[in-house]
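**Student:** Here it is: the structure, laid out below.
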Amino acid sequence: MDGLILAGDVGGTKTHLGLFEHSAGTLELVRERRYATADFGSLEAVCADFLGPGAAVNSVCMGVPGPIIDGGTHASNVAWQLSSASLSSALNGVPVRLINDLTATAYGMVYLKPAEFTVLHRAENPPKHGNIAVVAAGTGLGESALVWEGDKYYAVASEGGHSDFAPHGAEQIELLRFLTGEFGHVSYERVLSGPGLWNIYRFLRRESRAEEPAWLSDEIGKGDPAAAVSDAALAGRDPVCVHALTMFCDIYGSEAANLALKVLALGGVYLGGGIAPKILPTLTSGAFVKGFLAKGRLNEILKRIEVRVSLNPAAGLLGAAHCAAAML
């Protein structure tokens with residue numbers, strides 16, 4: 001069935017909405033817009049602003065952070081109460097489906113072109129098809145998987161980013177002790193996210209006993225500490241920042257391998273989220289692959305798993321749109 005689709009990718013920082021035309025089995029983007037999530041009090045409000053008065057769509061799918069239970073969720077990184085029933089009512093009863101944001105991103109990965117990826121680890125003799133693991137560090141840490149069943153992929157939702165951080169090596173053990181003192185429970189999201197990079201930096205700054213440069217303090221004070229740390233690291237301006245970003249990539253590789261082993265992701269590991277494309281020089285410098293190939297007896301399996309970085313920030317929106325098309 002043909003029709004007009006509203007799709008969205010809701011995040012703690014930004015909400016990306018798109019209007020698509022579905023015709024003859026193909027999707028065409030009509031228009032899109034990115035909003036600052038904090039500028040609106042609800043998902044209903046931002047959708048109303050995007051669609052305008054009197055607009056009508058045939059189906060809606062939104063990728064949202066947090067577990068979807070009975071059609072709703074209260075996301076850990078978004079202050080909105082999210083409900084498919086509430087959004088449907090606000091849009092005159094149109095069918096609405098909420099899916100986990102990483103489920104949307106996972107589906108979107110299937111539709112990206114080869115040029116929209118950077119390969120971090122080239123696989124040795126990969127199978128033609130296989131399960132796919134998706135990990136995305138951004139405002140938080142999202143994880144999902146695509147399971148290959150005969151002729152298509154089915155997404156599996158996950159809140160794996162909130163599982164316990166498992167350090168390896170003396171330095172990461174000390175990082176865990178440092179964060180346990182602050183947070184009690186330390187999840188992977190506490191280290192693999194924008195705030196997580198800041199946490200790593202604060203730990204290493206304390207351990208180094210080196211005074212923070214005034215120029216760096218000024219950059220941090222502008223409101224995005226993680227961006228200040230990563231920018232300084234990529235420019236090689238501060239050794240503590242370089243150390244922090246390198247440790248971040250090492251842990252990122254380790255957790256990507258953890259998920260790959262849990263779902264036997266012989267179809268590959270895809271990195272989504274906003275951070276990976278911004279830190280590609282450090283991701284490709286070797287720290288990520290070192291962490292990825294640090295699983296002892298299982299390294300031979302991991303060598304057969306390709307790791308790619310998505311360069312398309314609209315993967316989640318694209319995945320949500322294809323899910324909405326299936327509702328027509």
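Just remember, in the structure tokens the first chain shown is A, the second B, etc., residues are 1-based per chain, and ligands are 1-based in the order shown.
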When DSSP works through the backbone of this structure, what residues of segment 53-296 of chain A end up as strand (DSSP E), shown as a ChimeraX atom specification?
**Tutor:** /A:59-64,72-74,81-83,96-100,117-121,132-137,141-149,152-157,268-272
**Student:** For Lys14 of chain A, please output as a CSV table (one decimal) with N, CA, C and O atoms, in the first residue's frame all residues within 10 Å (counting only C-alpha atoms; exclusion window: fewer than 2 positions along the same chain).
**Tutor:**
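Saved to part_8.csv:
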chain,number,residue,atom,x,y,z
A,9,ASP,N,13.7,9.8,14.8
A,9,ASP,CA,14.8,9.2,15.6
A,9,ASP,C,15.0,10.2,16.7
A,9,ASP,O,15.5,11.3,16.6
A,10,VAL,N,14.5,9.7,17.9
A,10,VAL,CA,14.5,10.6,19.1
A,10,VAL,C,15.7,10.3,20.0
A,10,VAL,O,16.0,9.2,20.3
A,11,GLY,N,16.4,11.4,20.3
A,11,GLY,CA,17.6,11.2,21.1
A,11,GLY,C,17.6,12.2,22.3
A,11,GLY,O,16.8,13.1,22.3
A,12,GLY,N,18.6,12.0,23.2
A,12,GLY,CA,18.6,12.9,24.3
A,12,GLY,C,19.0,14.3,24.0
A,12,GLY,O,18.7,15.2,24.7
A,16,HIS,N,15.2,13.8,15.3
A,16,HIS,CA,15.3,13.9,13.8
A,16,HIS,C,14.0,13.4,13.2
A,16,HIS,O,13.7,12.2,13.4
A,17,LEU,N,13.2,14.2,12.6
A,17,LEU,CA,12.0,13.8,12.0
A,17,LEU,C,12.0,13.9,10.4
A,17,LEU,O,12.7,14.7,9.9
A,34,ARG,N,15.9,18.5,12.0
A,34,ARG,CA,16.4,18.2,13.3
A,34,ARG,C,16.0,19.2,14.3
A,34,ARG,O,16.2,20.4,14.0
A,35,TYR,N,15.6,18.7,15.5
A,35,TYR,CA,15.2,19.6,16.6
A,35,TYR,C,16.1,19.4,17.8
A,35,TYR,O,16.5,18.2,18.0
A,36,ALA,N,16.3,20.4,18.6
A,36,ALA,CA,16.9,20.2,19.9
A,36,ALA,C,15.8,19.6,20.8
A,36,ALA,O,14.8,20.3,21.0
A,37,THR,N,16.0,18.4,21.3
A,37,THR,CA,15.0,17.7,22.1
A,37,THR,C,14.5,18.6,23.3
A,37,THR,O,13.3,18.6,23.6
A,38,ALA,N,15.5,19.2,24.0
A,38,ALA,CA,15.1,20.0,25.2
A,38,ALA,C,14.2,21.2,24.9
A,38,ALA,O,13.7,21.8,25.9
A,39,ASP,N,14.1,21.6,23.6
A,39,ASP,CA,13.2,22.7,23.3
A,39,ASP,C,11.8,22.4,23.3
A,39,ASP,O,10.9,23.3,23.2
A,78,VAL,N,15.8,11.2,28.0
A,78,VAL,CA,14.8,12.1,27.5
A,78,VAL,C,13.7,12.3,28.5
A,78,VAL,O,13.2,11.3,29.1
A,139,THR,N,24.9,10.4,23.3
A,139,THR,CA,24.5,10.9,24.6
A,139,THR,C,24.4,9.8,25.6
A,139,THR,O,24.7,10.0,26.8
**Student:** Applying 12 Å and only C-alpha atoms, which residues near Gly194 of chain A remain after dropping the ones on its own chain fewer than 5 positions away? List them as a list in words.
**Tutor:**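 Once the nearby chain positions are removed, what remains is Gly12, Thr13, Ala136, Ala137, Gly138, Thr139, Gly140, Leu141, Tyr188, Glu189, Asn199, Ile200, Tyr201, Asp224, Pro225, Ala226, Ala227, Ala228, Val229, Ser230, Ala244, Leu245, Phe248, Gly273, Gly274, Ile275, Ala276, Lys278 and Ile279 of chain A.
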**Student:** What is the atom CA of Leu192 of chain A-atom CA of His162 of chain A distance in Å, reported with one decimal?
**Tutor:**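 Separation between atom CA of Leu192 of chain A and atom CA of His162 of chain A: 10.4 Å.
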**Student:** Could you check how far atom CA of Gly291 of chain A sits from atom CA of Ala257 of chain A, in Å to one decimal?
**Tutor:**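 About the pair atom CA of Gly291 of chain A and atom CA of Ala257 of chain A: they are 8.0 Å apart.
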**Student:** Between A:Tyr270, A:Lys295, A:Val242, A:Gly66, which one has atoms that come closest to Glu159 of chain A, using only C-alpha atoms?
**Tutor:**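 Counting only C-alpha atoms, the residue closest to Glu159 of chain A is A:Gly66.
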**Student:** Write out as a ChimeraX atom specification which residues come within 6 Å of segment 94-102 of chain A when counting only C-alpha atoms, dropping same-chain ones fewer than 3 positions away.
**Tutor:** /A:59-65,84,88,91,105-106,142-144
**Student:** Between atom CA of Asn92 of chain A and atom CA of Gly8 of chain A, what is the distance, to one decimal in Å?
**Tutor:**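 Atom-to-atom, atom CA of Asn92 of chain A and atom CA of Gly8 of chain A are spaced 17.7 Å apart.
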**Student:** So which bits of segment 14-203 of chain A end up alpha helix (DSSP H) when you DSSP the backbone, as a PyMOL selection string?
**Tutor:** chain A and resi 43-51+84-90+101-109+170-183+194-203
**Student:** For those residues, write C-alpha atoms to a file as an mmCIF file, in the first residue's frame.
**Tutor:**
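As a result, selection_9.cif now contains:
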data_model
loop_
_atom_site.group_PDB
_atom_site.id
_atom_site.type_symbol
_atom_site.label_atom_id
_atom_site.label_comp_id
_atom_site.auth_asym_id
_atom_site.auth_seq_id
_atom_site.Cartn_x
_atom_site.Cartn_y
_atom_site.Cartn_z
ATOM 1 C CA LEU A 43 7.058 14.160 21.278
ATOM 2 C CA GLU A 44 3.528 15.202 20.331
ATOM 3 C CA ALA A 45 4.587 18.857 20.388
ATOM 4 C CA VAL A 46 7.619 18.402 18.160
ATOM 5 C CA CYS A 47 5.604 16.307 15.666
ATOM 6 C CA ALA A 48 2.928 19.015 15.534
ATOM 7 C CA ASP A 49 5.570 21.630 14.802
ATOM 8 C CA PHE A 50 7.068 19.498 12.037
ATOM 9 C CA LEU A 51 3.818 18.519 10.325
ATOM 10 C CA SER A 84 2.203 5.145 20.960
ATOM 11 C CA ALA A 85 -1.426 5.614 22.070
ATOM 12 C CA SER A 86 -0.841 9.245 23.047
ATOM 13 C CA LEU A 87 0.967 10.078 19.802
ATOM 14 C CA SER A 88 -1.699 8.302 17.752
ATOM 15 C CA SER A 89 -4.420 10.330 19.486
ATOM 16 C CA ALA A 90 -2.544 13.568 18.785
ATOM 17 C CA ASP A 101 16.165 3.821 18.881
ATOM 18 C CA LEU A 102 18.878 1.244 18.324
ATOM 19 C CA THR A 103 16.337 -1.088 16.746
ATOM 20 C CA ALA A 104 15.648 1.708 14.262
ATOM 21 C CA THR A 105 19.359 2.281 13.720
ATOM 22 C CA ALA A 106 19.932 -1.439 13.221
ATOM 23 C CA TYR A 107 17.244 -1.658 10.542
ATOM 24 C CA GLY A 108 18.661 1.462 8.907
ATOM 25 C CA MET A 109 22.133 -0.066 8.590
ATOM 26 C CA ALA A 170 45.008 -2.386 36.088
ATOM 27 C CA GLU A 171 44.202 1.099 34.787
ATOM 28 C CA GLN A 172 40.621 0.246 33.838
ATOM 29 C CA ILE A 173 40.141 -1.465 37.197
ATOM 30 C CA GLU A 174 41.120 1.794 38.872
ATOM 31 C CA LEU A 175 38.702 3.635 36.567
ATOM 32 C CA LEU A 176 35.938 1.310 37.762
ATOM 33 C CA ARG A 177 36.840 2.016 41.395
ATOM 34 C CA PHE A 178 36.778 5.763 40.705
ATOM 35 C CA LEU A 179 33.348 5.633 39.061
ATOM 36 C CA THR A 180 31.917 3.219 41.639
ATOM 37 C CA GLY A 181 32.680 5.824 44.275
ATOM 38 C CA GLU A 182 30.554 8.333 42.370
ATOM 39 C CA PHE A 183 27.745 6.256 40.890
ATOM 40 C CA GLY A 194 29.717 11.685 25.704
ATOM 41 C CA PRO A 195 29.440 11.894 29.509
ATOM 42 C CA GLY A 196 31.477 8.677 29.642
ATOM 43 C CA LEU A 197 34.447 10.242 27.850
ATOM 44 C CA TRP A 198 34.269 13.085 30.352
ATOM 45 C CA ASN A 199 34.288 10.548 33.196
ATOM 46 C CA ILE A 200 37.404 8.869 31.772
ATOM 47 C CA TYR A 201 39.111 12.223 31.386
ATOM 48 C CA ARG A 202 38.353 13.273 34.968
ATOM 49 C CA PHE A 203 39.802 10.003 36.248
#
**Student:** Between A:Ala145, A:Pro277, A:Ile5, A:Val307, which has the minimum distance to Val30 of chain A (counting only C-alpha atoms)?
**Tutor:**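 Nearest to Val30 of chain A: A:Ile5.
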**Student:** List the neighbours of Asp164 of chain A out to 10 Å using only C-alpha atoms; skip same-chain residues closer than 2 positions along the sequence, and give me the result as an NGL selection string.
**Tutor:** :A and (160-162 or 166-167 or 185-190)
**Student:** Mind dumping the selected residues with all heavy atoms as a PDB file, in the first residue's frame?
**Tutor:**
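The result, stored in out-v9.pdb:
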ATOM      1  N   GLY A 160      21.517  -3.282  26.576  1.00  0.00           N
ATOM      2  CA  GLY A 160      22.847  -3.758  26.955  1.00  0.00           C
ATOM      3  C   GLY A 160      23.812  -2.674  27.366  1.00  0.00           C
ATOM      4  O   GLY A 160      24.786  -2.948  28.069  1.00  0.00           O
ATOM      5  N   GLY A 161      23.559  -1.440  26.946  1.00  0.00           N
ATOM      6  CA  GLY A 161      24.434  -0.343  27.352  1.00  0.00           C
ATOM      7  C   GLY A 161      24.433  -0.086  28.840  1.00  0.00           C
ATOM      8  O   GLY A 161      25.351   0.551  29.371  1.00  0.00           O
ATOM      9  N   HIS A 162      23.404  -0.602  29.522  1.00  0.00           N
ATOM     10  CA  HIS A 162      23.307  -0.414  30.974  1.00  0.00           C
ATOM     11  C   HIS A 162      23.834  -1.615  31.749  1.00  0.00           C
ATOM     12  O   HIS A 162      23.704  -1.670  32.972  1.00  0.00           O
ATOM     13  CB  HIS A 162      21.858  -0.127  31.365  1.00  0.00           C
ATOM     14  CG  HIS A 162      21.345   1.171  30.824  1.00  0.00           C
ATOM     15  ND1 HIS A 162      21.684   2.388  31.360  1.00  0.00           N
ATOM     16  CD2 HIS A 162      20.550   1.439  29.757  1.00  0.00           C
ATOM     17  CE1 HIS A 162      21.096   3.356  30.672  1.00  0.00           C
ATOM     18  NE2 HIS A 162      20.406   2.806  29.688  1.00  0.00           N
ATOM     19  N   ALA A 166      32.892  -4.009  32.476  1.00  0.00           N
ATOM     20  CA  ALA A 166      33.875  -5.034  32.829  1.00  0.00           C
ATOM     21  C   ALA A 166      35.268  -4.548  32.424  1.00  0.00           C
ATOM     22  O   ALA A 166      35.631  -4.624  31.244  1.00  0.00           O
ATOM     23  CB  ALA A 166      33.547  -6.355  32.136  1.00  0.00           C
ATOM     24  N   PRO A 167      36.045  -4.023  33.347  1.00  0.00           N
ATOM     25  CA  PRO A 167      37.369  -3.488  32.995  1.00  0.00           C
ATOM     26  C   PRO A 167      38.362  -4.602  32.702  1.00  0.00           C
ATOM     27  O   PRO A 167      38.221  -5.732  33.173  1.00  0.00           O
ATOM     28  CB  PRO A 167      37.773  -2.718  34.263  1.00  0.00           C
ATOM     29  CG  PRO A 167      37.086  -3.463  35.371  1.00  0.00           C
ATOM     30  CD  PRO A 167      35.767  -3.913  34.786  1.00  0.00           C
ATOM     31  N   HIS A 185      26.556   1.842  40.892  1.00  0.00           N
ATOM     32  CA  HIS A 185      26.556   0.930  39.744  1.00  0.00           C
ATOM     33  C   HIS A 185      27.210   1.629  38.560  1.00  0.00           C
ATOM     34  O   HIS A 185      26.861   2.765  38.214  1.00  0.00           O
ATOM     35  CB  HIS A 185      25.132   0.518  39.362  1.00  0.00           C
ATOM     36  CG  HIS A 185      25.072  -0.310  38.119  1.00  0.00           C
ATOM     37  ND1 HIS A 185      24.598   0.181  36.920  1.00  0.00           N
ATOM     38  CD2 HIS A 185      25.454  -1.591  37.877  1.00  0.00           C
ATOM     39  CE1 HIS A 185      24.676  -0.765  36.000  1.00  0.00           C
ATOM     40  NE2 HIS A 185      25.190  -1.845  36.553  1.00  0.00           N
ATOM     41  N   VAL A 186      28.156   0.955  37.932  1.00  0.00           N
ATOM     42  CA  VAL A 186      28.861   1.513  36.772  1.00  0.00           C
ATOM     43  C   VAL A 186      28.538   0.667  35.545  1.00  0.00           C
ATOM     44  O   VAL A 186      28.961  -0.486  35.430  1.00  0.00           O
ATOM     45  CB  VAL A 186      30.382   1.559  37.003  1.00  0.00           C
ATOM     46  CG1 VAL A 186      31.078   2.194  35.789  1.00  0.00           C
ATOM     47  CG2 VAL A 186      30.703   2.344  38.262  1.00  0.00           C
ATOM     48  N   SER A 187      27.782   1.237  34.640  1.00  0.00           N
ATOM     49  CA  SER A 187      27.429   0.560  33.397  1.00  0.00           C
ATOM     50  C   SER A 187      28.413   0.953  32.308  1.00  0.00           C
ATOM     51  O   SER A 187      29.206   1.889  32.457  1.00  0.00           O
ATOM     52  CB  SER A 187      26.014   0.954  32.971  1.00  0.00           C
ATOM     53  OG  SER A 187      25.983   2.339  32.629  1.00  0.00           O
ATOM     54  N   TYR A 188      28.328   0.257  31.172  1.00  0.00           N
ATOM     55  CA  TYR A 188      29.152   0.659  30.028  1.00  0.00           C
ATOM     56  C   TYR A 188      28.803   2.064  29.570  1.00  0.00           C
ATOM     57  O   TYR A 188      29.667   2.794  29.068  1.00  0.00           O
ATOM     58  CB  TYR A 188      28.994  -0.345  28.876  1.00  0.00           C
ATOM     59  CG  TYR A 188      30.024  -1.438  28.930  1.00  0.00           C
ATOM     60  CD1 TYR A 188      29.715  -2.695  29.424  1.00  0.00           C
ATOM     61  CD2 TYR A 188      31.337  -1.217  28.508  1.00  0.00           C
ATOM     62  CE1 TYR A 188      30.677  -3.703  29.489  1.00  0.00           C
ATOM     63  CE2 TYR A 188      32.298  -2.203  28.572  1.00  0.00           C
ATOM     64  CZ  TYR A 188      31.961  -3.443  29.059  1.00  0.00           C
ATOM     65  OH  TYR A 188      32.922  -4.432  29.128  1.00  0.00           O
ATOM     66  N   GLU A 189      27.557   2.482  29.747  1.00  0.00           N
ATOM     67  CA  GLU A 189      27.182   3.836  29.345  1.00  0.00           C
ATOM     68  C   GLU A 189      27.941   4.897  30.126  1.00  0.00           C
ATOM     69  O   GLU A 189      28.138   6.011  29.629  1.00  0.00           O
ATOM     70  CB  GLU A 189      25.671   4.027  29.520  1.00  0.00           C
ATOM     71  CG  GLU A 189      25.166   5.360  29.006  1.00  0.00           C
ATOM     72  CD  GLU A 189      23.655   5.448  28.962  1.00  0.00           C
ATOM     73  OE1 GLU A 189      23.063   4.981  27.975  1.00  0.00           O
ATOM     74  OE2 GLU A 189      23.068   5.980  29.932  1.00  0.00           O
ATOM     75  N   ARG A 190      28.385   4.565  31.340  1.00  0.00           N
ATOM     76  CA  ARG A 190      29.146   5.518  32.153  1.00  0.00           C
ATOM     77  C   ARG A 190      30.527   5.798  31.572  1.00  0.00           C
ATOM     78  O   ARG A 190      31.180   6.771  31.964  1.00  0.00           O
ATOM     79  CB  ARG A 190      29.302   5.000  33.578  1.00  0.00           C
ATOM     80  CG  ARG A 190      28.006   4.906  34.368  1.00  0.00           C
ATOM     81  CD  ARG A 190      27.385   6.248  34.648  1.00  0.00           C
ATOM     82  NE  ARG A 190      26.286   6.153  35.613  1.00  0.00           N
ATOM     83  CZ  ARG A 190      25.474   7.140  35.932  1.00  0.00           C
ATOM     84  NH1 ARG A 190      25.634   8.326  35.348  1.00  0.00           N
ATOM     85  NH2 ARG A 190      24.506   6.966  36.809  1.00  0.00           N
TER      86      ARG A 190
END
**Student:** Would you list the contacts of Thr118 of chain A as a PDB file with C-alpha atoms, in the first residue's frame, taking every protein, DNA or RNA residue within 7 Å and counting only C-alpha atoms, but skipping same-chain residues closer than 4 positions in sequence?
**Tutor:**
ATOM      1  CA  ARG A 308      32.196  -0.780  10.203  1.00  0.00           C
ATOM      2  CA  VAL A 309      31.447   2.793  11.254  1.00  0.00           C
ATOM      3  CA  SER A 310      28.268   4.321   9.855  1.00  0.00           C
TER       4      SER A 310
END
**Student:** I'd like to know which of A:Gly221, A:Pro53, A:Pro127, A:Gly169 is closest to Ile251 of chain A, using only C-alpha atoms.
**Tutor:**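 Among A:Gly221, A:Pro53, A:Pro127, A:Gly169, it is A:Gly169 that comes nearest to Ile251 of chain A.
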**Student:** List the spatial neighbours of Ala265 of chain A as a ChimeraX atom specification - criterion: any atom at most 7 Å away, only C-alpha atoms, same-chain residues fewer than 2 positions off excluded.
**Tutor:** /A:130-133,260-261,263,267-269,305
**Student:** Would you mind exporting C-alpha atoms of the selected residues as a short mmCIF file (atom, residue, chain, number, x, y, z; two decimals), in the first residue's frame?
**Tutor:**
data_model
loop_
_atom_site.label_atom_id
_atom_site.label_comp_id
_atom_site.auth_asym_id
_atom_site.auth_seq_id
_atom_site.Cartn_x
_atom_site.Cartn_y
_atom_site.Cartn_z
CA GLY A 130 24.91 -13.70 9.48
CA ASN A 131 23.69 -11.90 12.57
CA ILE A 132 24.71 -8.25 12.94
CA ALA A 133 25.58 -6.37 16.13
CA ALA A 260 29.48 -9.65 18.77
CA LEU A 261 30.15 -12.81 20.77
CA VAL A 263 24.85 -12.65 19.22
CA GLY A 267 27.38 -10.59 9.60
CA GLY A 268 29.42 -7.77 11.11
CA VAL A 269 29.51 -5.14 13.83
CA ILE A 305 33.76 -10.34 11.97
#
**Student:** Pick the closest to Thr15 of chain A from A:Thr284, A:Ser42, A:Asn312, A:Asn299: which is it, counting only C-alpha atoms?
**Tutor:**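 Residue with the minimum atom-to-atom distance to Thr15 of chain A: A:Ser42.
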